[in-house]
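Enquirer: Quick one, input-v3.cif (mmCIF, C-alpha atoms):
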```cif
data_final
loop_
_atom_site.group_PDB
_atom_site.id
_atom_site.type_symbol
_atom_site.label_atom_id
_atom_site.label_comp_id
_atom_site.auth_asym_id
_atom_site.auth_seq_id
_atom_site.Cartn_x
_atom_site.Cartn_y
_atom_site.Cartn_z
ATOM 1 C CA MET N 1441 5.824 6.250 7.466
ATOM 2 C CA SER N 1442 9.096 4.652 8.465
ATOM 3 C CA GLY N 1443 8.629 1.281 10.133
ATOM 4 C CA VAL N 1444 9.312 -2.440 9.943
ATOM 5 C CA HIS N 1445 7.056 -2.783 6.881
ATOM 6 C CA ASP N 1446 9.542 -0.730 4.823
ATOM 7 C CA MET N 1447 12.183 -3.454 4.603
ATOM 8 C CA GLY N 1448 13.159 -3.171 0.946
ATOM 9 C CA GLY N 1449 16.915 -3.406 0.492
ATOM 10 C CA MET N 1450 17.515 -4.609 4.058
ATOM 11 C CA ARG N 1451 19.819 -7.529 4.790
ATOM 12 C CA GLY N 1452 19.290 -10.433 7.155
ATOM 13 C CA PHE N 1453 15.837 -11.591 6.020
ATOM 14 C CA GLY N 1454 17.192 -14.323 3.763
ATOM 15 C CA PRO N 1455 16.809 -14.742 0.004
ATOM 16 C CA VAL N 1456 13.540 -14.213 -1.830
ATOM 17 C CA ARG N 1457 12.247 -17.618 -2.930
ATOM 18 C CA PRO N 1458 9.424 -17.027 -5.426
ATOM 19 C CA GLU N 1459 7.139 -19.940 -6.240
ATOM 20 C CA PRO N 1460 6.674 -20.785 -9.935
ATOM 21 C CA GLU N 1461 3.457 -19.256 -11.265
ATOM 22 C CA SER N 1462 2.337 -22.688 -12.479
ATOM 23 C CA GLU N 1463 2.608 -24.130 -8.955
ATOM 24 C CA GLU N 1464 1.689 -21.261 -6.664
ATOM 25 C CA PRO N 1465 -1.914 -21.447 -5.389
ATOM 26 C CA VAL N 1466 -4.036 -18.308 -5.153
ATOM 27 C CA PHE N 1467 -4.269 -18.917 -1.379
ATOM 28 C CA HIS N 1468 -2.102 -21.285 0.624
ATOM 29 C CA GLU N 1469 -4.813 -21.837 3.252
ATOM 30 C CA GLU N 1470 -8.608 -21.576 3.062
ATOM 31 C CA TRP N 1471 -8.691 -18.905 5.774
ATOM 32 C CA GLU N 1472 -6.526 -16.595 3.638
ATOM 33 C CA GLY N 1473 -9.267 -16.468 1.001
ATOM 34 C CA ARG N 1474 -11.827 -15.660 3.690
ATOM 35 C CA VAL N 1475 -9.690 -12.783 4.993
ATOM 36 C CA TYR N 1476 -9.261 -11.463 1.460
ATOM 37 C CA GLY N 1477 -13.023 -11.614 0.946
ATOM 38 C CA ILE N 1478 -13.712 -9.809 4.238
ATOM 39 C CA VAL N 1479 -11.314 -6.976 3.400
ATOM 40 C CA ARG N 1480 -12.649 -6.566 -0.160
ATOM 41 C CA LEU N 1481 -16.309 -6.595 0.835
ATOM 42 C CA MET N 1482 -15.847 -4.312 3.851
ATOM 43 C CA GLY N 1483 -14.167 -1.846 1.507
ATOM 44 C CA LEU N 1484 -17.443 -1.569 -0.434
ATOM 45 C CA LEU N 1485 -18.914 0.308 2.533
ATOM 46 C CA GLY N 1486 -16.843 3.326 1.449
ATOM 47 C CA LEU N 1487 -15.777 4.223 4.995
ATOM 48 C CA TRP N 1488 -12.068 4.085 4.165
ATOM 49 C CA ASN N 1489 -9.833 3.854 1.107
ATOM 50 C CA ILE N 1490 -6.896 1.647 0.126
ATOM 51 C CA ASP N 1491 -4.306 4.048 1.559
ATOM 52 C CA MET N 1492 -6.093 4.219 4.922
ATOM 53 C CA SER N 1493 -6.167 0.422 4.929
ATOM 54 C CA ARG N 1494 -2.427 0.188 4.190
ATOM 55 C CA HIS N 1495 -1.619 2.753 6.872
ATOM 56 C CA ASN N 1496 -3.611 0.718 9.391
ATOM 57 C CA ARG N 1497 -1.380 -2.295 8.769
ATOM 58 C CA GLU N 1498 1.731 -0.102 9.009
ATOM 59 C CA GLN N 1499 0.672 0.894 12.531
ATOM 60 C CA LEU N 1500 0.524 -2.666 13.862
ATOM 61 C CA PRO N 1501 3.053 -3.360 16.654
ATOM 62 C CA PRO N 1502 6.417 -4.021 14.935
ATOM 63 C CA ALA N 1503 6.934 -7.413 16.604
ATOM 64 C CA ASP N 1504 3.464 -8.529 15.512
ATOM 65 C CA TYR N 1505 3.964 -7.273 11.962
ATOM 66 C CA LEU N 1506 7.200 -9.237 11.540
ATOM 67 C CA ALA N 1507 5.817 -12.393 13.173
ATOM 68 C CA ASN N 1508 2.616 -12.391 11.117
ATOM 69 C CA SER N 1509 2.197 -13.871 7.668
ATOM 70 C CA TYR N 1510 0.917 -11.634 4.857
ATOM 71 C CA TYR N 1511 -2.763 -12.382 5.414
ATOM 72 C CA GLU N 1512 -2.390 -12.401 9.191
ATOM 73 C CA ASN N 1513 -1.401 -8.741 8.845
ATOM 74 C CA TRP N 1514 -4.419 -8.162 6.607
ATOM 75 C CA PHE N 1515 -6.650 -9.727 9.264
ATOM 76 C CA ALA N 1516 -5.085 -7.710 12.098
ATOM 77 C CA GLY N 1517 -5.410 -4.545 10.006
ATOM 78 C CA ILE N 1518 -9.107 -5.001 9.192
ATOM 79 C CA ARG N 1519 -9.932 -5.687 12.855
ATOM 80 C CA GLN N 1520 -8.170 -2.446 13.785
ATOM 81 C CA GLN N 1521 -9.961 -0.602 10.960
ATOM 82 C CA LEU N 1522 -13.385 -1.847 12.078
ATOM 83 C CA VAL N 1523 -12.824 -0.609 15.630
ATOM 84 C CA ARG N 1524 -11.440 2.777 14.538
ATOM 85 C CA SER N 1525 -14.391 3.275 12.195
ATOM 86 C CA GLY N 1526 -16.875 2.566 14.979
ATOM 87 C CA LEU N 1527 -18.424 -0.428 13.219
ATOM 88 C CA VAL N 1528 -17.564 -2.823 16.037
ATOM 89 C CA SER N 1529 -16.144 -2.582 19.544
ATOM 90 C CA LYS N 1530 -13.146 -4.442 20.927
ATOM 91 C CA GLU N 1531 -15.551 -6.378 23.136
ATOM 92 C CA GLU N 1532 -17.628 -7.441 20.137
ATOM 93 C CA LEU N 1533 -14.478 -8.678 18.400
ATOM 94 C CA ARG N 1534 -13.425 -10.568 21.522
ATOM 95 C CA THR N 1535 -16.772 -12.307 22.038
ATOM 96 C CA GLY N 1536 -17.831 -12.635 18.406
ATOM 97 C CA ARG N 1537 -21.254 -11.225 19.313
ATOM 98 C CA ALA N 1538 -22.797 -7.895 18.290
ATOM 99 C CA SER N 1539 -24.018 -5.762 21.208
ATOM 100 C CA THR N 1540 -25.485 -2.878 19.168
ATOM 101 C CA PRO N 1541 -27.577 -2.878 15.963
ATOM 102 C CA VAL N 1542 -25.913 -1.988 12.673
ATOM 103 C CA PRO N 1543 -26.866 1.574 11.568
ATOM 104 C CA GLU N 1544 -29.346 1.735 8.681
ATOM 105 C CA HIS N 1545 -27.000 3.729 6.435
ATOM 106 C CA ILE N 1546 -24.442 0.917 6.753
ATOM 107 C CA MET N 1547 -26.966 -1.854 6.119
ATOM 108 C CA GLU N 1548 -27.900 -0.185 2.831
ATOM 109 C CA LYS N 1549 -24.321 -0.688 1.562
ATOM 110 C CA VAL N 1550 -23.818 -4.287 2.726
ATOM 111 C CA ALA N 1551 -23.289 -6.855 -0.059
ATOM 112 C CA HIS N 1552 -25.451 -9.906 0.639
ATOM 113 C CA ALA N 1553 -24.456 -13.463 -0.248
ATOM 114 C CA GLU N 1554 -26.250 -13.477 -3.597
ATOM 115 C CA GLN N 1555 -24.453 -10.250 -4.592
ATOM 116 C CA VAL N 1556 -20.896 -11.305 -3.730
ATOM 117 C CA ARG N 1557 -19.958 -12.747 -7.115
ATOM 118 C CA THR N 1558 -21.125 -9.583 -8.895
ATOM 119 C CA ALA N 1559 -19.430 -7.156 -6.492
ATOM 120 C CA PRO N 1560 -17.013 -4.981 -8.527
ATOM 121 C CA TYR N 1561 -13.337 -5.862 -8.175
ATOM 122 C CA MET N 1562 -12.233 -2.308 -8.982
ATOM 123 C CA THR N 1563 -14.761 0.410 -8.338
ATOM 124 C CA THR N 1564 -12.879 3.453 -9.545
ATOM 125 C CA SER N 1565 -9.879 4.789 -11.418
ATOM 126 C CA TYR N 1566 -7.092 6.426 -9.401
ATOM 127 C CA ALA N 1567 -6.366 9.002 -12.107
ATOM 128 C CA ARG N 1568 -7.105 12.504 -10.852
ATOM 129 C CA PRO N 1569 -6.292 15.930 -12.351
ATOM 130 C CA ALA N 1570 -3.278 17.792 -10.965
ATOM 131 C CA SER N 1571 -3.271 21.494 -10.176
ATOM 132 C CA SER N 1572 -0.066 22.074 -12.177
ATOM 133 C CA SER N 1573 1.880 20.807 -15.193
ATOM 134 C CA PRO N 1574 4.414 17.983 -14.713
ATOM 135 C CA ARG N 1575 7.723 19.213 -13.365
ATOM 136 C CA PHE N 1576 9.850 16.427 -14.892
ATOM 137 C CA SER N 1577 10.214 14.732 -18.288
ATOM 138 C CA THR N 1578 11.610 11.414 -19.510
ATOM 139 C CA GLY N 1579 15.401 11.435 -19.177
ATOM 140 C CA ASP N 1580 15.571 14.003 -16.375
ATOM 141 C CA ARG N 1581 17.916 13.301 -13.492
ATOM 142 C CA VAL N 1582 16.039 13.505 -10.206
ATOM 143 C CA ARG N 1583 16.805 12.882 -6.560
ATOM 144 C CA ALA N 1584 14.410 11.256 -4.128
ATOM 145 C CA ILE N 1585 13.956 13.674 -1.237
ATOM 146 C CA ASN N 1586 15.464 12.384 2.009
ATOM 147 C CA ARG N 1587 12.375 12.799 4.167
ATOM 148 C CA TYR N 1588 10.814 10.496 6.785
ATOM 149 C CA PRO N 1589 7.145 11.427 7.282
ATOM 150 C CA SER N 1590 5.232 10.145 10.304
ATOM 151 C CA GLY N 1591 2.157 9.310 8.206
ATOM 152 C CA HIS N 1592 1.588 7.015 5.231
ATOM 153 C CA THR N 1593 3.890 7.369 2.225
ATOM 154 C CA ARG N 1594 4.828 5.280 -0.814
ATOM 155 C CA ILE N 1595 8.487 6.285 -1.131
ATOM 156 C CA PRO N 1596 10.702 3.384 0.004
ATOM 157 C CA GLY N 1597 13.452 4.239 2.448
ATOM 158 C CA TYR N 1598 16.258 2.753 0.342
ATOM 159 C CA VAL N 1599 15.872 5.334 -2.460
ATOM 160 C CA ARG N 1600 15.663 8.443 -0.263
ATOM 161 C CA GLY N 1601 18.569 10.774 -0.951
ATOM 162 C CA HIS N 1602 19.579 8.874 -4.112
ATOM 163 C CA THR N 1603 19.614 9.976 -7.738
ATOM 164 C CA GLY N 1604 17.831 8.306 -10.636
ATOM 165 C CA ILE N 1605 16.555 8.878 -14.169
ATOM 166 C CA VAL N 1606 12.896 9.465 -15.060
ATOM 167 C CA ARG N 1607 11.831 6.699 -17.460
ATOM 168 C CA GLU N 1608 8.110 7.410 -17.780
ATOM 169 C CA HIS N 1609 5.390 9.824 -16.704
ATOM 170 C CA TYR N 1610 2.142 8.060 -15.744
ATOM 171 C CA GLY N 1611 0.010 11.183 -15.589
ATOM 172 C CA SER N 1612 -1.638 12.394 -12.412
ATOM 173 C CA GLN N 1613 -2.760 9.838 -9.814
ATOM 174 C CA VAL N 1614 -4.256 9.986 -6.316
ATOM 175 C CA TYR N 1615 -1.495 11.083 -3.914
ATOM 176 C CA PRO N 1616 -1.348 8.376 -1.194
ATOM 177 C CA ASP N 1617 0.144 10.508 1.585
ATOM 178 C CA LEU N 1618 -2.979 12.696 1.610
ATOM 179 C CA SER N 1619 -5.346 9.892 0.618
ATOM 180 C CA ALA N 1620 -4.500 8.085 3.876
ATOM 181 C CA GLN N 1621 -5.828 11.186 5.667
ATOM 182 C CA GLY N 1622 -9.057 11.160 3.643
ATOM 183 C CA VAL N 1623 -7.963 13.898 1.218
ATOM 184 C CA GLU N 1624 -8.201 12.980 -2.473
ATOM 185 C CA GLU N 1625 -5.800 14.970 -4.626
ATOM 186 C CA GLY N 1626 -3.973 14.254 -7.875
ATOM 187 C CA ARG N 1627 -0.186 14.533 -8.166
ATOM 188 C CA HIS N 1628 2.089 13.620 -11.083
ATOM 189 C CA LEU N 1629 3.503 10.089 -10.922
ATOM 190 C CA TYR N 1630 6.758 8.908 -12.532
ATOM 191 C CA ASN N 1631 8.730 5.729 -13.025
ATOM 192 C CA VAL N 1632 12.360 6.319 -11.983
ATOM 193 C CA ARG N 1633 15.365 4.064 -12.628
ATOM 194 C CA PHE N 1634 18.022 3.825 -9.897
ATOM 195 C CA GLU N 1635 21.320 2.071 -10.577
ATOM 196 C CA GLY N 1636 22.082 -0.699 -8.099
ATOM 197 C CA ARG N 1637 25.517 0.697 -7.252
ATOM 198 C CA ASP N 1638 24.060 4.153 -6.589
ATOM 199 C CA LEU N 1639 21.780 2.568 -3.999
ATOM 200 C CA TRP N 1640 24.014 -0.058 -2.379
ATOM 201 C CA GLY N 1641 27.564 0.856 -3.349
ATOM 202 C CA GLU N 1642 30.322 -1.175 -4.957
ATOM 203 C CA SER N 1643 29.030 -4.472 -3.568
ATOM 204 C CA ALA N 1644 25.972 -4.299 -5.861
ATOM 205 C CA ASN N 1645 25.956 -6.015 -9.245
ATOM 206 C CA VAL N 1646 27.171 -3.520 -11.845
ATOM 207 C CA ASN N 1647 24.296 -4.481 -14.159
ATOM 208 C CA SER N 1648 21.538 -4.192 -11.539
ATOM 209 C CA ALA N 1649 18.915 -1.445 -11.454
ATOM 210 C CA VAL N 1650 15.632 -0.826 -9.637
ATOM 211 C CA TYR N 1651 12.590 0.886 -11.135
ATOM 212 C CA VAL N 1652 10.415 2.726 -8.616
ATOM 213 C CA ASP N 1653 7.105 4.563 -9.115
ATOM 214 C CA LEU N 1654 7.356 7.903 -7.317
ATOM 215 C CA TRP N 1655 5.037 10.875 -6.990
ATOM 216 C CA GLU N 1656 6.393 14.291 -7.941
ATOM 217 C CA THR N 1657 6.240 15.448 -4.319
ATOM 218 C CA TYR N 1658 8.916 12.855 -3.482
ATOM 219 C CA LEU N 1659 11.351 14.219 -6.073
ATOM 220 C CA GLU N 1660 13.615 17.194 -6.700
ATOM 221 C CA PRO N 1661 15.953 18.037 -9.602
ATOM 222 C CA ALA N 1662 19.322 16.333 -9.215
ATOM 223 C CA PRO N 1663 22.270 18.753 -8.877
#
```
How does the structure come out when it is put into structure tokens?
Expert:
Amino acid sequence: MSGVHDMGGMRGFGPVRPEPESEEPVFHEEWEGRVYGIVRLMGLLGLWNIDMSRHNREQLPPADYLANSYYENWFAGIRQQLVRSGLVSKEELRTGRASTPVPEHIMEKVAHAEQVRTAPYMTTSYARPASSSPRFSTGDRVRAINRYPSGHTRIPGYVRGHTGIVREHYGSQVYPDLSAQGVEEGRHLYNVRFEGRDLWGESANVNSAVYVDLWETYLEPAP
């Protein structure tokens, strides 16, 4: 969807200041690790997938999304996901007390403390067969379709309507736009190179380029 989370290429947010890998901690605060653990372990219930989870965060109020830190948005998103999935009520979140018993079919999937360290980090591959052969090959000129869907999508706004060159075909992967709706379907995925000046005009560095992973549905042959 189009929203404040899709801020790639926008001005006014200041420079990116990456921390050196040797100095950057895994979590800057202890609570961030707890939020990460909650999100990972709740995902083991199998009631939603990664694209549903991302779309939940995209639907947070814009002012909240911009004011929150990275893991604050994760925390807000999982609270919203728990309510929408019927696992907890807003009142239970507010009071911190359960008012109804957890259904048996949910309890069977819960990872207990002694199982946490052995819980799988990645439970599945995202490779899925496609219903057709790939439409594009390495070296093809393609244009990102200028479309603004209301649901979840993985095409950044700054490449829409612009032309690039296919650099690699990754095979067929789960298509996120449908995955966020609970539909698992494979679509061909490509890496596409866009020249900086094609994206941002003459003010861009002549030697700059951006590589973006795009599903075939997002692309059309360039004229």
Enquirer: Evaluating the PyMOL selection byres ((chain N and resi 1514-1524) around 9) on the displayed file yields which residues, as a list in words?
Expert: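 Residues picked by the PyMOL selection byres ((chain N and resi 1514-1524) around 9): Glu1472, Val1475, Tyr1476, Ile1478, Val1479, Met1482, Trp1488, Met1492, Ser1493, Arg1494, His1495, Asn1496, Arg1497, Glu1498, Gln1499, Leu1500, Ser1509, Tyr1510, Tyr1511, Glu1512, Asn1513, Ser1525, Gly1526, Leu1527, Val1528, Ser1529, Lys1530 and Leu1533 of chain N.
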Enquirer: Could you write out the selected residues, including C-alpha atoms, as a PDB file, in the frame of the given file?
Expert:
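Output file out_3.pdb is given in full below:
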```
ATOM      1  CA  GLU N1472      -6.526 -16.595   3.638  1.00  0.00           C
ATOM      2  CA  VAL N1475      -9.690 -12.783   4.993  1.00  0.00           C
ATOM      3  CA  TYR N1476      -9.261 -11.463   1.460  1.00  0.00           C
ATOM      4  CA  ILE N1478     -13.712  -9.809   4.238  1.00  0.00           C
ATOM      5  CA  VAL N1479     -11.314  -6.976   3.400  1.00  0.00           C
ATOM      6  CA  MET N1482     -15.847  -4.312   3.851  1.00  0.00           C
ATOM      7  CA  TRP N1488     -12.068   4.085   4.165  1.00  0.00           C
ATOM      8  CA  MET N1492      -6.093   4.219   4.922  1.00  0.00           C
ATOM      9  CA  SER N1493      -6.167   0.422   4.929  1.00  0.00           C
ATOM     10  CA  ARG N1494      -2.427   0.188   4.190  1.00  0.00           C
ATOM     11  CA  HIS N1495      -1.619   2.753   6.872  1.00  0.00           C
ATOM     12  CA  ASN N1496      -3.611   0.718   9.391  1.00  0.00           C
ATOM     13  CA  ARG N1497      -1.380  -2.295   8.769  1.00  0.00           C
ATOM     14  CA  GLU N1498       1.731  -0.102   9.009  1.00  0.00           C
ATOM     15  CA  GLN N1499       0.672   0.894  12.531  1.00  0.00           C
ATOM     16  CA  LEU N1500       0.524  -2.666  13.862  1.00  0.00           C
ATOM     17  CA  SER N1509       2.197 -13.871   7.668  1.00  0.00           C
ATOM     18  CA  TYR N1510       0.917 -11.634   4.857  1.00  0.00           C
ATOM     19  CA  TYR N1511      -2.763 -12.382   5.414  1.00  0.00           C
ATOM     20  CA  GLU N1512      -2.390 -12.401   9.191  1.00  0.00           C
ATOM     21  CA  ASN N1513      -1.401  -8.741   8.845  1.00  0.00           C
ATOM     22  CA  SER N1525     -14.391   3.275  12.195  1.00  0.00           C
ATOM     23  CA  GLY N1526     -16.875   2.566  14.979  1.00  0.00           C
ATOM     24  CA  LEU N1527     -18.424  -0.428  13.219  1.00  0.00           C
ATOM     25  CA  VAL N1528     -17.564  -2.823  16.037  1.00  0.00           C
ATOM     26  CA  SER N1529     -16.144  -2.582  19.544  1.00  0.00           C
ATOM     27  CA  LYS N1530     -13.146  -4.442  20.927  1.00  0.00           C
ATOM     28  CA  LEU N1533     -14.478  -8.678  18.400  1.00  0.00           C
TER      29      LEU N1533
END
```
Enquirer: Point out the residue among N:Gly1626, N:Gly1591, N:Pro1501, N:Pro1661 with the least atom-to-atom distance to Val1606 of chain N, counting all atoms listed in the file.
Expert: N:Pro1661
Enquirer: Enumerate, as a ChimeraX atom specification, the residues matched when the PyMOL selection byres ((chain N and resi 1595) around 12) is run on the file above.
Expert: /N:1441-1442,1446-1448,1583-1589,1591-1594,1596-1602,1615-1617,1629-1632,1652-1659
Enquirer: Could you take the residues named above and write them with C-alpha atoms, as a compact mmCIF listing (two decimals), in the coordinates of the input?
Expert:
```txt
# COMPACT_ATOMS: atom_id res chain seq x y z
CA MET N 1441 5.82 6.25 7.47
CA SER N 1442 9.10 4.65 8.46
CA ASP N 1446 9.54 -0.73 4.82
CA MET N 1447 12.18 -3.45 4.60
CA GLY N 1448 13.16 -3.17 0.95
CA ARG N 1583 16.80 12.88 -6.56
CA ALA N 1584 14.41 11.26 -4.13
CA ILE N 1585 13.96 13.67 -1.24
CA ASN N 1586 15.46 12.38 2.01
CA ARG N 1587 12.38 12.80 4.17
CA TYR N 1588 10.81 10.50 6.78
CA PRO N 1589 7.14 11.43 7.28
CA GLY N 1591 2.16 9.31 8.21
CA HIS N 1592 1.59 7.02 5.23
CA THR N 1593 3.89 7.37 2.22
CA ARG N 1594 4.83 5.28 -0.81
CA PRO N 1596 10.70 3.38 0.00
CA GLY N 1597 13.45 4.24 2.45
CA TYR N 1598 16.26 2.75 0.34
CA VAL N 1599 15.87 5.33 -2.46
CA ARG N 1600 15.66 8.44 -0.26
CA GLY N 1601 18.57 10.77 -0.95
CA HIS N 1602 19.58 8.87 -4.11
CA TYR N 1615 -1.50 11.08 -3.91
CA PRO N 1616 -1.35 8.38 -1.19
CA ASP N 1617 0.14 10.51 1.58
CA LEU N 1629 3.50 10.09 -10.92
CA TYR N 1630 6.76 8.91 -12.53
CA ASN N 1631 8.73 5.73 -13.02
CA VAL N 1632 12.36 6.32 -11.98
CA VAL N 1652 10.42 2.73 -8.62
CA ASP N 1653 7.10 4.56 -9.12
CA LEU N 1654 7.36 7.90 -7.32
CA TRP N 1655 5.04 10.88 -6.99
CA GLU N 1656 6.39 14.29 -7.94
CA THR N 1657 6.24 15.45 -4.32
CA TYR N 1658 8.92 12.86 -3.48
CA LEU N 1659 11.35 14.22 -6.07
```
Enquirer: Find the residues around Val1646 of chain N up to 8 Å (only C-alpha atoms counted), leave out those fewer than 2 positions away in its own chain, and share them as an MDAnalysis selection string.
Expert: chainID N and resid 1636:1637 1642 1644 1648
Enquirer: So how far away is atom CA of Ala1567 of chain N from atom CA of Gln1555 of chain N, in Å?
Expert: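 Rounded to one decimal, the two atoms are 27.5 Å apart.
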Enquirer: Give as JSON, numbers by chain the residues that the PyMOL selection byres ((chain N and resi 1486) around 12) matches when applied to the coordinates above.
Expert: {"N": [1479, 1480, 1481, 1482, 1483, 1484, 1485, 1487, 1488, 1489, 1490, 1492, 1493, 1525, 1545, 1546, 1548, 1549, 1550, 1563, 1564, 1622]}
Enquirer: Can you complete the atoms of segment 1466-1486 of chain N to N, CA, C and O atoms and list them as an mmCIF file, keeping the file's coordinate frame?
Expert:
```cif
data_model
loop_
_atom_site.group_PDB
_atom_site.id
_atom_site.type_symbol
_atom_site.label_atom_id
_atom_site.label_comp_id
_atom_site.auth_asym_id
_atom_site.auth_seq_id
_atom_site.Cartn_x
_atom_site.Cartn_y
_atom_site.Cartn_z
ATOM 1 N N VAL N 1466 -3.555 -19.666 -5.428
ATOM 2 C CA VAL N 1466 -4.036 -18.308 -5.153
ATOM 3 C C VAL N 1466 -3.949 -18.038 -3.655
ATOM 4 O O VAL N 1466 -3.488 -16.983 -3.225
ATOM 5 N N PHE N 1467 -4.376 -19.005 -2.836
ATOM 6 C CA PHE N 1467 -4.269 -18.917 -1.379
ATOM 7 C C PHE N 1467 -3.659 -20.214 -0.872
ATOM 8 O O PHE N 1467 -4.006 -21.296 -1.335
ATOM 9 N N HIS N 1468 -2.752 -20.097 0.087
ATOM 10 C CA HIS N 1468 -2.102 -21.285 0.624
ATOM 11 C C HIS N 1468 -2.973 -22.002 1.660
ATOM 12 O O HIS N 1468 -2.795 -23.187 1.911
ATOM 13 N N GLU N 1469 -3.872 -21.266 2.285
ATOM 14 C CA GLU N 1469 -4.813 -21.837 3.252
ATOM 15 C C GLU N 1469 -6.199 -21.262 2.977
ATOM 16 O O GLU N 1469 -6.330 -20.128 2.501
ATOM 17 N N GLU N 1470 -7.243 -22.031 3.319
ATOM 18 C CA GLU N 1470 -8.608 -21.576 3.062
ATOM 19 C C GLU N 1470 -8.915 -20.266 3.782
ATOM 20 O O GLU N 1470 -9.593 -19.383 3.246
ATOM 21 N N TRP N 1471 -8.390 -20.098 4.999
ATOM 22 C CA TRP N 1471 -8.691 -18.905 5.774
ATOM 23 C C TRP N 1471 -8.146 -17.639 5.110
ATOM 24 O O TRP N 1471 -8.702 -16.551 5.282
ATOM 25 N N GLU N 1472 -7.069 -17.776 4.323
ATOM 26 C CA GLU N 1472 -6.526 -16.595 3.638
ATOM 27 C C GLU N 1472 -7.546 -16.031 2.651
ATOM 28 O O GLU N 1472 -7.720 -14.810 2.544
ATOM 29 N N GLY N 1473 -8.236 -16.919 1.927
ATOM 30 C CA GLY N 1473 -9.267 -16.468 1.001
ATOM 31 C C GLY N 1473 -10.416 -15.783 1.720
ATOM 32 O O GLY N 1473 -10.991 -14.815 1.221
ATOM 33 N N ARG N 1474 -10.750 -16.276 2.919
ATOM 34 C CA ARG N 1474 -11.827 -15.660 3.690
ATOM 35 C C ARG N 1474 -11.426 -14.255 4.150
ATOM 36 O O ARG N 1474 -12.229 -13.324 4.117
ATOM 37 N N VAL N 1475 -10.176 -14.110 4.586
ATOM 38 C CA VAL N 1475 -9.690 -12.783 4.993
ATOM 39 C C VAL N 1475 -9.712 -11.829 3.808
ATOM 40 O O VAL N 1475 -10.160 -10.680 3.922
ATOM 41 N N TYR N 1476 -9.245 -12.304 2.659
ATOM 42 C CA TYR N 1476 -9.261 -11.463 1.460
ATOM 43 C C TYR N 1476 -10.681 -11.007 1.139
ATOM 44 O O TYR N 1476 -10.932 -9.837 0.838
ATOM 45 N N GLY N 1477 -11.631 -11.945 1.219
ATOM 46 C CA GLY N 1477 -13.023 -11.614 0.946
ATOM 47 C C GLY N 1477 -13.578 -10.596 1.929
ATOM 48 O O GLY N 1477 -14.296 -9.660 1.541
ATOM 49 N N ILE N 1478 -13.243 -10.754 3.208
ATOM 50 C CA ILE N 1478 -13.712 -9.809 4.238
ATOM 51 C C ILE N 1478 -13.202 -8.404 3.939
ATOM 52 O O ILE N 1478 -13.956 -7.429 3.952
ATOM 53 N N VAL N 1479 -11.916 -8.289 3.651
ATOM 54 C CA VAL N 1479 -11.314 -6.976 3.400
ATOM 55 C C VAL N 1479 -11.929 -6.331 2.161
ATOM 56 O O VAL N 1479 -12.269 -5.146 2.161
ATOM 57 N N ARG N 1480 -12.088 -7.114 1.078
ATOM 58 C CA ARG N 1480 -12.649 -6.566 -0.160
ATOM 59 C C ARG N 1480 -14.088 -6.099 0.045
ATOM 60 O O ARG N 1480 -14.467 -5.009 -0.389
ATOM 61 N N LEU N 1481 -14.897 -6.931 0.690
ATOM 62 C CA LEU N 1481 -16.309 -6.595 0.835
ATOM 63 C C LEU N 1481 -16.524 -5.465 1.839
ATOM 64 O O LEU N 1481 -17.396 -4.617 1.649
ATOM 65 N N MET N 1482 -15.717 -5.424 2.901
ATOM 66 C CA MET N 1482 -15.847 -4.312 3.851
ATOM 67 C C MET N 1482 -15.472 -2.994 3.185
ATOM 68 O O MET N 1482 -15.997 -1.938 3.524
ATOM 69 N N GLY N 1483 -14.560 -3.051 2.220
ATOM 70 C CA GLY N 1483 -14.167 -1.846 1.507
ATOM 71 C C GLY N 1483 -15.312 -1.239 0.712
ATOM 72 O O GLY N 1483 -15.321 -0.029 0.443
ATOM 73 N N LEU N 1484 -16.300 -2.066 0.324
ATOM 74 C CA LEU N 1484 -17.443 -1.569 -0.434
ATOM 75 C C LEU N 1484 -18.317 -0.625 0.377
ATOM 76 O O LEU N 1484 -19.139 0.104 -0.180
ATOM 77 N N LEU N 1485 -18.138 -0.613 1.704
ATOM 78 C CA LEU N 1485 -18.914 0.308 2.533
ATOM 79 C C LEU N 1485 -18.508 1.762 2.287
ATOM 80 O O LEU N 1485 -19.267 2.685 2.587
ATOM 81 N N GLY N 1486 -17.290 1.975 1.763
ATOM 82 C CA GLY N 1486 -16.843 3.326 1.449
ATOM 83 C C GLY N 1486 -16.437 4.153 2.655
ATOM 84 O O GLY N 1486 -16.373 5.381 2.570
#
```
